[in-house]
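A.B. asks: Below is run05.json; it holds JSON, C-alpha atoms.
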[["chain", "number", "residue", "atom", "x", "y", "z"],
["A", 1, "MET", "CA", 25.97, 94.45, 148.16],
["A", 2, "THR", "CA", 29.11, 96.16, 146.98],
["A", 3, "LEU", "CA", 29.64, 99.91, 146.67],
["A", 4, "ASP", "CA", 30.11, 99.42, 142.93],
["A", 5, "SER", "CA", 26.70, 97.81, 142.50],
["A", 6, "GLN", "CA", 25.04, 100.46, 144.67],
["A", 7, "GLU", "CA", 26.41, 103.32, 142.58],
["A", 8, "LYS", "CA", 26.02, 101.75, 139.14],
["A", 9, "LYS", "CA", 24.18, 104.14, 136.83],
["A", 10, "GLU", "CA", 24.72, 102.37, 133.52],
["A", 11, "VAL", "CA", 24.44, 98.75, 132.43],
["A", 12, "SER", "CA", 25.57, 97.47, 129.02],
["A", 13, "MET", "CA", 24.71, 93.95, 127.99],
["A", 14, "ASP", "CA", 24.71, 91.87, 124.81],
["A", 15, "PHE", "CA", 22.55, 88.98, 123.64],
["A", 16, "SER", "CA", 25.02, 86.23, 124.57],
["A", 17, "THR", "CA", 25.23, 87.46, 128.16],
["A", 18, "MET", "CA", 21.45, 87.60, 128.45],
["A", 19, "SER", "CA", 21.13, 84.18, 126.83],
["A", 20, "ASP", "CA", 23.61, 82.53, 129.19],
["A", 21, "PHE", "CA", 21.87, 83.94, 132.27],
["A", 22, "LEU", "CA", 18.45, 82.96, 130.90],
["A", 23, "LYS", "CA", 19.57, 79.38, 130.38],
["A", 24, "CYS", "CA", 20.91, 79.23, 133.92],
["A", 25, "ARG", "CA", 21.97, 81.88, 136.41],
["A", 26, "LYS", "CA", 24.95, 79.75, 137.45],
["A", 27, "ARG", "CA", 26.06, 79.39, 133.84],
["A", 28, "GLY", "CA", 25.91, 83.16, 133.48],
["A", 29, "TYR", "CA", 27.93, 83.54, 136.67],
["A", 30, "TYR", "CA", 30.70, 81.20, 135.52],
["A", 31, "ARG", "CA", 30.89, 82.70, 132.02],
["A", 32, "HIS", "CA", 30.42, 86.41, 132.67],
["A", 33, "ILE", "CA", 31.37, 86.96, 136.31],
["A", 34, "LEU", "CA", 34.21, 84.47, 136.80],
["A", 35, "ASN", "CA", 35.04, 84.74, 133.06],
["A", 36, "ILE", "CA", 35.93, 81.06, 132.66],
["A", 37, "VAL", "CA", 35.39, 78.68, 129.75],
["A", 38, "PRO", "CA", 36.24, 74.99, 129.27],
["A", 39, "ASP", "CA", 39.84, 74.45, 128.23],
["A", 40, "ARG", "CA", 38.71, 71.97, 125.57],
["A", 41, "THR", "CA", 37.89, 73.40, 122.17],
["A", 42, "SER", "CA", 34.31, 73.34, 120.89],
["A", 43, "LYS", "CA", 34.57, 72.45, 117.21],
["A", 44, "ALA", "CA", 31.05, 73.75, 116.55],
["A", 45, "LEU", "CA", 31.81, 77.19, 117.99],
["A", 46, "VAL", "CA", 35.17, 77.43, 116.23],
["A", 47, "PHE", "CA", 33.68, 76.34, 112.91],
["A", 48, "GLY", "CA", 30.92, 78.93, 113.19],
["A", 49, "GLY", "CA", 33.44, 81.62, 114.14],
["A", 50, "ALA", "CA", 35.71, 80.72, 111.23],
["A", 51, "MET", "CA", 32.77, 80.82, 108.82],
["A", 52, "HIS", "CA", 31.80, 84.28, 110.07],
["A", 53, "GLU", "CA", 35.34, 85.55, 109.57],
["A", 54, "ALA", "CA", 35.37, 84.19, 106.03],
["A", 55, "LEU", "CA", 32.00, 85.71, 105.14],
["A", 56, "ALA", "CA", 32.96, 89.07, 106.60],
["A", 57, "SER", "CA", 35.99, 89.05, 104.32],
["A", 58, "TRP", "CA", 33.95, 87.85, 101.33],
["A", 59, "TYR", "CA", 31.41, 90.66, 101.62],
["A", 60, "GLN", "CA", 34.13, 93.26, 102.08],
["A", 61, "PHE", "CA", 36.56, 92.22, 99.34],
["A", 62, "ARG", "CA", 34.68, 89.66, 97.17],
["A", 63, "ASP", "CA", 37.91, 87.69, 97.02],
["A", 64, "GLU", "CA", 37.43, 83.91, 97.36],
["A", 65, "GLY", "CA", 41.08, 83.21, 98.13],
["A", 66, "LYS", "CA", 41.23, 85.85, 100.85],
["A", 67, "ALA", "CA", 38.00, 84.61, 102.44],
["A", 68, "ILE", "CA", 39.26, 81.02, 102.51],
["A", 69, "ARG", "CA", 42.52, 82.19, 104.08],
["A", 70, "GLU", "CA", 40.53, 83.97, 106.79],
["A", 71, "PHE", "CA", 38.68, 80.73, 107.50],
["A", 72, "SER", "CA", 41.92, 78.74, 107.61],
["A", 73, "ASN", "CA", 43.73, 81.25, 109.82],
["A", 74, "TYR", "CA", 40.89, 81.35, 112.33],
["A", 75, "TRP", "CA", 40.58, 77.57, 112.39],
["A", 76, "ASN", "CA", 44.30, 76.95, 112.83],
["A", 77, "ALA", "CA", 44.52, 79.56, 115.59],
["A", 78, "HIS", "CA", 41.78, 77.87, 117.62],
["A", 79, "VAL", "CA", 42.20, 74.18, 116.79],
["A", 80, "PRO", "CA", 45.77, 72.96, 117.31],
["A", 81, "PRO", "CA", 46.80, 69.79, 115.45],
["A", 82, "PRO", "CA", 45.99, 66.63, 117.45],
["A", 83, "THR", "CA", 48.93, 64.99, 119.18],
["A", 84, "THR", "CA", 49.67, 61.44, 120.22],
["A", 85, "PRO", "CA", 50.29, 60.67, 123.90],
["A", 86, "GLU", "CA", 53.81, 59.54, 122.99],
["A", 87, "GLU", "CA", 56.28, 62.39, 122.89],
["A", 88, "GLY", "CA", 53.62, 64.94, 121.90],
["A", 89, "LYS", "CA", 53.91, 64.02, 118.23],
["A", 90, "ILE", "CA", 51.32, 65.36, 115.80],
["A", 91, "SER", "CA", 48.78, 62.72, 114.83],
["A", 92, "LEU", "CA", 46.81, 62.84, 111.59],
["A", 93, "GLN", "CA", 44.58, 59.88, 112.38],
["A", 94, "PRO", "CA", 41.23, 60.51, 110.63],
["A", 95, "GLN", "CA", 39.12, 59.19, 113.53],
["A", 96, "GLN", "CA", 40.26, 62.13, 115.64],
["A", 97, "GLU", "CA", 38.67, 64.64, 113.26],
["A", 98, "ASP", "CA", 35.07, 65.78, 113.18],
["A", 99, "PRO", "CA", 33.73, 64.54, 109.82],
["A", 100, "LYS", "CA", 31.64, 67.69, 109.35],
["A", 101, "ARG", "CA", 33.51, 70.45, 111.15],
["A", 102, "ASN", "CA", 37.06, 70.44, 109.88],
["A", 103, "LEU", "CA", 39.32, 72.62, 107.79],
["A", 104, "VAL", "CA", 38.86, 70.77, 104.49],
["A", 105, "ASN", "CA", 35.07, 70.64, 104.72],
["A", 106, "GLY", "CA", 34.93, 74.29, 105.70],
["A", 107, "VAL", "CA", 36.82, 75.26, 102.57],
["A", 108, "ASN", "CA", 34.51, 73.05, 100.47],
["A", 109, "ILE", "CA", 31.40, 74.63, 101.97],
["A", 110, "LEU", "CA", 32.74, 78.12, 101.32],
["A", 111, "SER", "CA", 33.55, 77.24, 97.71],
["A", 112, "GLY", "CA", 29.99, 76.01, 97.29],
["A", 113, "TYR", "CA", 28.65, 79.19, 98.87],
["A", 114, "PHE", "CA", 30.60, 81.39, 96.46],
["A", 115, "LYS", "CA", 29.15, 79.43, 93.54],
["A", 116, "ALA", "CA", 25.63, 79.65, 94.96],
["A", 117, "TYR", "CA", 25.80, 83.43, 95.46],
["A", 118, "PRO", "CA", 28.27, 84.86, 92.91],
["A", 119, "LYS", "CA", 26.25, 88.08, 92.88],
["A", 120, "GLU", "CA", 23.87, 89.43, 95.48],
["A", 121, "PRO", "CA", 20.60, 91.29, 94.85],
["A", 122, "PHE", "CA", 21.19, 93.73, 97.70],
["A", 123, "GLN", "CA", 23.37, 96.71, 98.56],
["A", 124, "ILE", "CA", 25.55, 96.34, 101.65],
["A", 125, "LEU", "CA", 25.17, 99.20, 104.14],
["A", 126, "SER", "CA", 27.43, 97.80, 106.88],
["A", 127, "ASN", "CA", 29.63, 94.75, 107.48],
["A", 128, "GLU", "CA", 30.40, 93.45, 111.01],
["A", 129, "PHE", "CA", 28.92, 96.61, 112.49],
["A", 130, "PRO", "CA", 29.43, 97.06, 116.28],
["A", 131, "PHE", "CA", 26.78, 98.97, 118.18],
["A", 132, "LYS", "CA", 25.69, 100.29, 121.55],
["A", 133, "VAL", "CA", 22.13, 101.60, 121.80],
["A", 134, "PHE", "CA", 20.03, 102.93, 124.66],
["A", 135, "LEU", "CA", 17.02, 100.82, 125.68],
["A", 136, "GLY", "CA", 15.64, 102.69, 128.67],
["A", 137, "GLN", "CA", 15.92, 103.38, 132.38],
["A", 138, "ILE", "CA", 14.85, 101.43, 135.44],
["A", 139, "GLU", "CA", 15.22, 102.88, 138.92],
["A", 140, "GLY", "CA", 17.62, 105.53, 137.67],
["A", 141, "VAL", "CA", 19.89, 103.05, 135.88],
["A", 142, "SER", "CA", 20.36, 103.41, 132.09],
["A", 143, "TYR", "CA", 20.38, 100.14, 130.15],
["A", 144, "TYR", "CA", 22.19, 99.71, 126.83],
["A", 145, "LEU", "CA", 22.24, 96.89, 124.31],
["A", 146, "THR", "CA", 25.62, 96.07, 122.74],
["A", 147, "GLY", "CA", 26.58, 93.70, 119.95],
["A", 148, "LYS", "CA", 27.72, 93.32, 116.37],
["A", 149, "VAL", "CA", 25.56, 92.86, 113.25],
["A", 150, "ASP", "CA", 26.88, 90.59, 110.49],
["A", 151, "LEU", "CA", 25.49, 92.68, 107.62],
["A", 152, "THR", "CA", 23.01, 95.47, 107.08],
["A", 153, "VAL", "CA", 21.61, 95.42, 103.55],
["A", 154, "ARG", "CA", 19.24, 97.37, 101.30],
["A", 155, "TRP", "CA", 17.06, 95.14, 99.10],
["A", 156, "ASN", "CA", 14.08, 96.21, 96.99],
["A", 157, "GLY", "CA", 13.80, 99.44, 98.93],
["A", 158, "MET", "CA", 13.82, 97.67, 102.30],
["A", 159, "THR", "CA", 16.50, 97.62, 104.99],
["A", 160, "TYR", "CA", 17.36, 94.30, 106.64],
["A", 161, "ILE", "CA", 19.91, 92.89, 108.97],
["A", 162, "MET", "CA", 21.49, 89.76, 107.49],
["A", 163, "ASP", "CA", 22.65, 87.16, 109.97],
["A", 164, "HIS", "CA", 24.81, 84.16, 109.03],
["A", 165, "LYS", "CA", 23.78, 80.88, 110.67],
["A", 166, "THR", "CA", 25.66, 77.59, 110.34],
["A", 167, "THR", "CA", 23.67, 74.50, 111.27],
["A", 168, "SER", "CA", 23.81, 70.73, 110.93],
["A", 169, "MET", "CA", 20.00, 70.53, 110.86],
["A", 170, "LEU", "CA", 18.54, 72.67, 108.10],
["A", 171, "GLY", "CA", 14.89, 71.91, 107.47],
["A", 172, "GLY", "CA", 11.45, 73.44, 107.40],
["A", 173, "SER", "CA", 11.40, 74.10, 111.14],
["A", 174, "PHE", "CA", 14.87, 75.67, 111.28],
["A", 175, "PHE", "CA", 13.70, 79.20, 110.48],
["A", 176, "LYS", "CA", 10.87, 79.21, 113.03],
["A", 177, "GLN", "CA", 13.31, 80.00, 115.85],
["A", 178, "PHE", "CA", 14.02, 83.48, 114.48],
["A", 179, "HIS", "CA", 10.61, 85.10, 114.92],
["A", 180, "PRO", "CA", 10.48, 86.20, 117.64],
["A", 181, "SER", "CA", 14.18, 86.15, 118.56],
["A", 182, "LEU", "CA", 15.87, 87.89, 121.48],
["A", 183, "GLN", "CA", 19.07, 88.16, 119.44],
["A", 184, "LEU", "CA", 17.72, 89.28, 116.09],
["A", 185, "ASP", "CA", 14.94, 91.49, 117.39],
["A", 186, "GLY", "CA", 17.65, 93.30, 119.35],
["A", 187, "TYR", "CA", 19.78, 93.68, 116.25],
["A", 188, "ALA", "CA", 16.80, 95.01, 114.31],
["A", 189, "TYR", "CA", 16.12, 97.53, 117.08],
["A", 190, "ALA", "CA", 19.76, 98.66, 117.03],
["A", 191, "VAL", "CA", 19.86, 99.07, 113.25],
["A", 192, "LYS", "CA", 16.61, 101.06, 113.26],
["A", 193, "ASP", "CA", 17.94, 103.25, 116.06],
["A", 194, "ILE", "CA", 21.19, 103.95, 114.20],
["A", 195, "PHE", "CA", 20.17, 103.91, 110.53],
["A", 196, "GLY", "CA", 16.64, 105.24, 111.00],
["A", 197, "GLU", "CA", 14.95, 102.17, 109.53],
["A", 198, "CYS", "CA", 14.94, 98.37, 109.67],
["A", 199, "ASP", "CA", 12.22, 96.38, 108.00],
["A", 200, "GLY", "CA", 13.27, 92.93, 109.13],
["A", 201, "VAL", "CA", 15.79, 90.14, 109.30],
["A", 202, "LEU", "CA", 17.36, 88.09, 106.51],
["A", 203, "ILE", "CA", 18.62, 84.71, 107.74],
["A", 204, "ASN", "CA", 21.53, 83.35, 105.71],
["A", 205, "ALA", "CA", 21.54, 79.63, 106.58],
["A", 206, "ILE", "CA", 24.48, 77.36, 105.73],
["A", 207, "LEU", "CA", 24.22, 73.60, 106.18],
["A", 208, "VAL", "CA", 27.21, 71.89, 107.78],
["A", 209, "ALA", "CA", 27.29, 68.30, 106.50],
["A", 210, "LYS", "CA", 29.88, 65.78, 105.34],
["A", 211, "THR", "CA", 28.98, 65.85, 101.65],
["A", 212, "LYS", "CA", 25.69, 67.64, 101.05],
["A", 213, "GLN", "CA", 25.78, 71.38, 100.43],
["A", 214, "THR", "CA", 22.64, 73.42, 101.07],
["A", 215, "PHE", "CA", 22.23, 77.18, 101.39],
["A", 216, "GLU", "CA", 18.86, 78.69, 102.23],
["A", 217, "ARG", "CA", 17.53, 82.13, 103.13],
["A", 218, "ASP", "CA", 14.37, 83.49, 104.67],
["A", 219, "ILE", "CA", 13.11, 86.95, 105.60],
["A", 220, "PHE", "CA", 11.11, 87.97, 108.66],
["A", 221, "SER", "CA", 9.48, 91.36, 108.98],
["A", 222, "LYS", "CA", 9.98, 93.21, 112.26],
["A", 223, "THR", "CA", 7.20, 95.66, 113.08],
["A", 224, "GLU", "CA", 7.23, 98.60, 115.47],
["A", 225, "GLU", "CA", 5.19, 96.45, 117.85],
["A", 226, "ASP", "CA", 7.78, 93.66, 117.64],
["A", 227, "LEU", "CA", 10.57, 96.07, 118.58],
["A", 228, "GLU", "CA", 8.59, 97.66, 121.41],
["A", 229, "LEU", "CA", 7.96, 94.21, 122.87],
["A", 230, "TYR", "CA", 11.66, 93.41, 122.51],
["A", 231, "VAL", "CA", 12.67, 96.50, 124.50],
["A", 232, "GLU", "CA", 10.19, 95.64, 127.24],
["A", 233, "ASN", "CA", 11.49, 92.07, 127.51],
["A", 234, "ALA", "CA", 15.19, 92.96, 127.22],
["A", 235, "LEU", "CA", 14.95, 95.61, 129.93],
["A", 236, "GLN", "CA", 13.27, 93.15, 132.28],
["A", 237, "ILE", "CA", 15.90, 90.48, 131.58],
["A", 238, "MET", "CA", 18.78, 92.89, 132.14],
["A", 239, "TRP", "CA", 17.22, 94.20, 135.37],
["A", 240, "GLU", "CA", 16.75, 90.66, 136.72],
["A", 241, "ILE", "CA", 20.35, 89.77, 135.92],
["A", 242, "GLU", "CA", 21.55, 92.86, 137.75],
["A", 243, "GLN", "CA", 19.44, 91.89, 140.76],
["A", 244, "ALA", "CA", 21.10, 88.46, 140.80],
["A", 245, "LYS", "CA", 24.49, 90.16, 140.74],
["A", 246, "LYS", "CA", 23.59, 92.50, 143.60],
["A", 247, "ALA", "CA", 22.30, 89.61, 145.71],
["A", 248, "ASP", "CA", 25.26, 87.47, 144.64],
["A", 249, "ARG", "CA", 22.80, 84.63, 144.14],
["A", 250, "TYR", "CA", 22.89, 82.49, 141.01],
["A", 251, "VAL", "CA", 20.23, 79.78, 141.00],
["A", 252, "ILE", "CA", 21.00, 76.57, 139.08],
["A", 253, "ASN", "CA", 18.49, 75.61, 136.39],
["A", 254, "THR", "CA", 18.87, 71.82, 136.28],
["A", 255, "ASP", "CA", 16.59, 71.62, 133.22],
["A", 256, "ALA", "CA", 19.39, 73.27, 131.21],
["A", 257, "CYS", "CA", 22.18, 70.88, 132.27],
["A", 258, "THR", "CA", 21.77, 68.68, 129.20],
["A", 259, "LEU", "CA", 20.14, 71.22, 126.88],
["A", 260, "TYR", "CA", 21.60, 70.88, 123.36],
["A", 261, "GLY", "CA", 23.97, 68.17, 124.54],
["A", 262, "GLU", "CA", 25.66, 69.22, 127.75],
["A", 263, "CYS", "CA", 26.22, 72.51, 129.54],
["A", 264, "PRO", "CA", 29.92, 73.47, 129.43],
["A", 265, "TYR", "CA", 29.78, 73.98, 133.22],
["A", 266, "LEU", "CA", 28.02, 70.73, 134.16],
["A", 267, "GLU", "CA", 31.20, 69.15, 135.50],
["A", 268, "LEU", "CA", 31.91, 72.22, 137.61],
["A", 269, "CYS", "CA", 28.39, 72.29, 139.06],
["A", 270, "GLN", "CA", 28.63, 68.60, 139.88],
["A", 271, "ALA", "CA", 31.85, 69.41, 141.73],
["A", 272, "LYS", "CA", 30.06, 72.22, 143.63],
["A", 273, "GLY", "CA", 32.36, 74.85, 142.09],
["A", 274, "ASP", "CA", 35.55, 73.16, 143.33],
["A", 275, "GLU", "CA", 38.57, 75.37, 142.54],
["A", 276, "MET", "CA", 40.63, 72.29, 141.66],
["A", 277, "VAL", "CA", 38.17, 71.53, 138.87],
["A", 278, "ILE", "CA", 38.30, 75.16, 137.71],
["A", 279, "ASN", "CA", 42.11, 75.10, 137.60],
["A", 280, "LYS", "CA", 42.23, 71.73, 135.83],
["A", 281, "ARG", "CA", 39.34, 71.97, 133.36],
["A", 282, "TYR", "CA", 38.80, 75.68, 132.71],
["A", 283, "LYS", "CA", 40.66, 78.77, 131.59],
["A", 284, "VAL", "CA", 40.08, 82.50, 131.91],
["A", 285, "GLU", "CA", 38.59, 84.15, 128.82],
["A", 286, "VAL", "CA", 36.80, 87.48, 129.18],
["A", 287, "TRP", "CA", 33.73, 87.79, 126.94],
["A", 288, "ASP", "CA", 33.86, 90.71, 124.51],
["A", 289, "PRO", "CA", 30.67, 91.17, 122.42],
["A", 290, "PHE", "CA", 32.55, 93.27, 119.88],
["A", 291, "MET", "CA", 35.08, 90.51, 119.20],
["A", 292, "ALA", "CA", 32.57, 87.67, 118.86]]
Turn this file's structure into structure tokens for me.
C.D. replies:
Amino acid sequence: MTLDSQEKKEVSMDFSTMSDFLKCRKRGYYRHILNIVPDRTSKALVFGGAMHEALASWYQFRDEGKAIREFSNYWNAHVPPPTTPEEGKISLQPQQEDPKRNLVNGVNILSGYFKAYPKEPFQILSNEFPFKVFLGQIEGVSYYLTGKVDLTVRWNGMTYIMDHKTTSMLGGSFFKQFHPSLQLDGYAYAVKDIFGECDGVLINAILVAKTKQTFERDIFSKTEEDLELYVENALQIMWEIEQAKKADRYVINTDACTLYGECPYLELCQAKGDEMVINKRYKVEVWDPFMA
């Protein structure tokens, strides 16, 4: 146990950090203690990030051209043009491009979104709002939740957080994952703590497909009981993560190795944390919840 961990009186944590440690303690260790990520680009993560940048611009300026430029700039900054093995020349071969998550399709989806929602029925209270709110104390340590809310809106006299979700599988069961939700219940708690009220969550779902364009929304109420249960669970999760850090013990959850495809650290775990694999396959990237 280090002196720093012994004297720590405040812990701040966001949903993504909690989620990574919940999936697997070792995954949380690699991502948030060693601060490493795969050096290969995840098109799904980049596409979602680019869409969030575009929508943040859209709801601030209501300028289609500006929003599309935000999407393009983010995409081009994170996805370099493919190159051929010979002489590093740029290759435009279509088979190298994701048929759903690419620059052209992103622009098409955004154009469809602007047509689907030319006017909104709600008033925007905040856009890309960063927060840090107190959850409680355990053993003399104060725990805080941090993060950033896509939108806070006022609709028919009710206050909601609005969260943008891109997905390739939008169906009847898609919305079930958001009630309860460690992420969105936390956001609702933060908004209520800061704004004085939050009646629920508005999910803004955007289908990512090759040709089909679908945009759907659903609302979930968040009661006082829901938020109290969230605080209880979040505090316990944060405390357990801190105990793992103090013990310097990060247990591998093998059930999560192929969850939603493949864990980004599977290769590293298979190599028993070999530094050669880290140096060859990973890069340093410190997680910042306010920049996500």
A.B. asks: Skip stretch 135-148 of chain A itself and residues of its chain fewer than 2 positions away, then list as an NGL selection string all residues within 8 Å of it, counting only C-alpha atoms.
C.D. replies: :A and (8-15 or 128-133 or 150 or 186-187 or 190 or 231 or 235 or 238-239 or 289-290 or 292)
A.B. asks: What's the 12 Å shell around A:Leu182, counting all atoms listed in the file, without same-chain residues fewer than 4 positions away, as an MDAnalysis selection string?
C.D. replies: chainID A and resid 14:19 22 145 177:178 186:189 226:227 229:235 237
A.B. asks: If you measure from atom CA of A:Tyr30 to atom CA of A:Leu268, what distance in Å do you get, rounded to one decimal?
C.D. replies: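 Those two atoms sit 9.3 Å apart.
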A.B. asks: Could you check which of A:Asp199, A:Asp274, A:Glu216, A:Asp193 is closest to A:Phe175, using only C-alpha atoms?
C.D. replies: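 Closest to A:Phe175, using only C-alpha atoms: A:Glu216.
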A.B. asks: State, in Å with one decimal place, the distance from atom CA of A:Glu267 to atom CA of A:Asp98.
C.D. replies: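 For atom CA of A:Glu267 relative to atom CA of A:Asp98, the distance reads 22.9 Å.
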A.B. asks: In Å, rounded to a single decimal, give me how far atom CA of A:Asn73 is from atom CA of A:Ala205.
C.D. replies: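 Calculated distance between atom CA of A:Ala205 and atom CA of A:Asn73 is 22.5 Å.
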A.B. asks: Can you sort out the box for stretch 134-153 of chain A, edges along x, y and z, all listed atoms in, 4 Å on every side, with centre and edge lengths in Å to one decimal, as AutoDock Vina command-line options?
C.D. replies:
--center_x 21.3 --center_y 98.1 --center_z 121.2 --size_x 20.9 --size_y 22.9 --size_z 43.4
A.B. asks: Considering all atoms listed in the file, give me a table of residues in stretch 172-273 of chain A that are at most 12 Å from stretch 111-126 of chain A, with the closest atom pair and distance in Å for each, as a tab-separated table.
C.D. replies:
residue	atom	partner	partner_atom	distance
A:Val191	CA	A:Ser126	CA	10.0
A:Ile194	CA	A:Ser126	CA	11.4
A:Phe195	CA	A:Leu125	CA	9.4
A:Glu197	CA	A:Leu125	CA	11.9
A:Cys198	CA	A:Leu125	CA	11.7
A:Leu202	CA	A:Phe122	CA	11.1
A:Asn204	CA	A:Tyr113	CA	10.7
A:Ala205	CA	A:Tyr113	CA	10.5
A:Ile206	CA	A:Tyr113	CA	8.2
A:Leu207	CA	A:Tyr113	CA	10.2
A:Val208	CA	A:Gly112	CA	11.6
A:Thr211	CA	A:Gly112	CA	11.1
A:Lys212	CA	A:Gly112	CA	10.1
A:Gln213	CA	A:Gly112	CA	7.0
A:Thr214	CA	A:Tyr113	CA	8.6
A:Phe215	CA	A:Tyr113	CA	7.2
A:Glu216	CA	A:Ala116	CA	10.0
A:Arg217	CA	A:Tyr117	CA	11.4
A.B. asks: Considering all atoms listed in the file, return as a PyMOL selection string whatever protein or nucleic-acid residues lie within 12 Å of A:Asn76, sequence-local ones (same chain, fewer than 4 positions apart) excluded.
C.D. replies: chain A and resi 41+43+46-47+49-50+69-72+80-82+102-104
A.B. asks: Please rebuild stretch 189-201 of chain A with N, CA, C and O atoms and give the result as a short mmCIF file (atom, residue, chain, number, x, y, z; two decimals), in the coordinates of the input.
C.D. replies:
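After the write, part-v2.cif holds the following:
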data_model
loop_
_atom_site.label_atom_id
_atom_site.label_comp_id
_atom_site.auth_asym_id
_atom_site.auth_seq_id
_atom_site.Cartn_x
_atom_site.Cartn_y
_atom_site.Cartn_z
N TYR A 189 16.33 96.29 116.32
CA TYR A 189 16.12 97.53 117.08
C TYR A 189 17.34 98.44 116.97
O TYR A 189 17.19 99.66 116.77
N ALA A 190 18.53 97.86 117.09
CA ALA A 190 19.76 98.66 117.03
C ALA A 190 19.94 99.30 115.66
O ALA A 190 20.29 100.49 115.55
N VAL A 191 19.70 98.53 114.61
CA VAL A 191 19.86 99.07 113.25
C VAL A 191 18.85 100.18 112.99
O VAL A 191 19.18 101.22 112.40
N LYS A 192 17.61 100.00 113.45
CA LYS A 192 16.61 101.06 113.26
C LYS A 192 16.99 102.30 114.04
O LYS A 192 16.81 103.43 113.56
N ASP A 193 17.54 102.11 115.23
CA ASP A 193 17.94 103.25 116.06
C ASP A 193 19.08 104.03 115.40
O ASP A 193 19.11 105.26 115.45
N ILE A 194 19.99 103.32 114.77
CA ILE A 194 21.19 103.95 114.20
C ILE A 194 20.96 104.43 112.77
O ILE A 194 21.33 105.55 112.40
N PHE A 195 20.34 103.59 111.94
CA PHE A 195 20.17 103.91 110.53
C PHE A 195 18.83 104.60 110.22
O PHE A 195 18.62 105.09 109.13
N GLY A 196 17.93 104.59 111.20
CA GLY A 196 16.64 105.24 111.00
C GLY A 196 15.56 104.33 110.47
O GLY A 196 14.38 104.69 110.45
N GLU A 197 15.94 103.13 110.04
CA GLU A 197 14.95 102.17 109.53
C GLU A 197 15.50 100.76 109.57
O GLU A 197 16.71 100.54 109.43
N CYS A 198 14.62 99.80 109.79
CA CYS A 198 14.94 98.37 109.67
C CYS A 198 13.63 97.64 109.49
O CYS A 198 12.77 97.67 110.37
N ASP A 199 13.48 97.02 108.33
CA ASP A 199 12.22 96.38 108.00
C ASP A 199 12.15 94.92 108.42
O ASP A 199 11.07 94.34 108.44
N GLY A 200 13.31 94.33 108.74
CA GLY A 200 13.27 92.93 109.13
C GLY A 200 14.63 92.28 109.16
O GLY A 200 15.67 92.95 109.17
N VAL A 201 14.59 90.96 109.15
CA VAL A 201 15.79 90.14 109.30
C VAL A 201 15.89 89.16 108.14
O VAL A 201 14.90 88.50 107.79
#
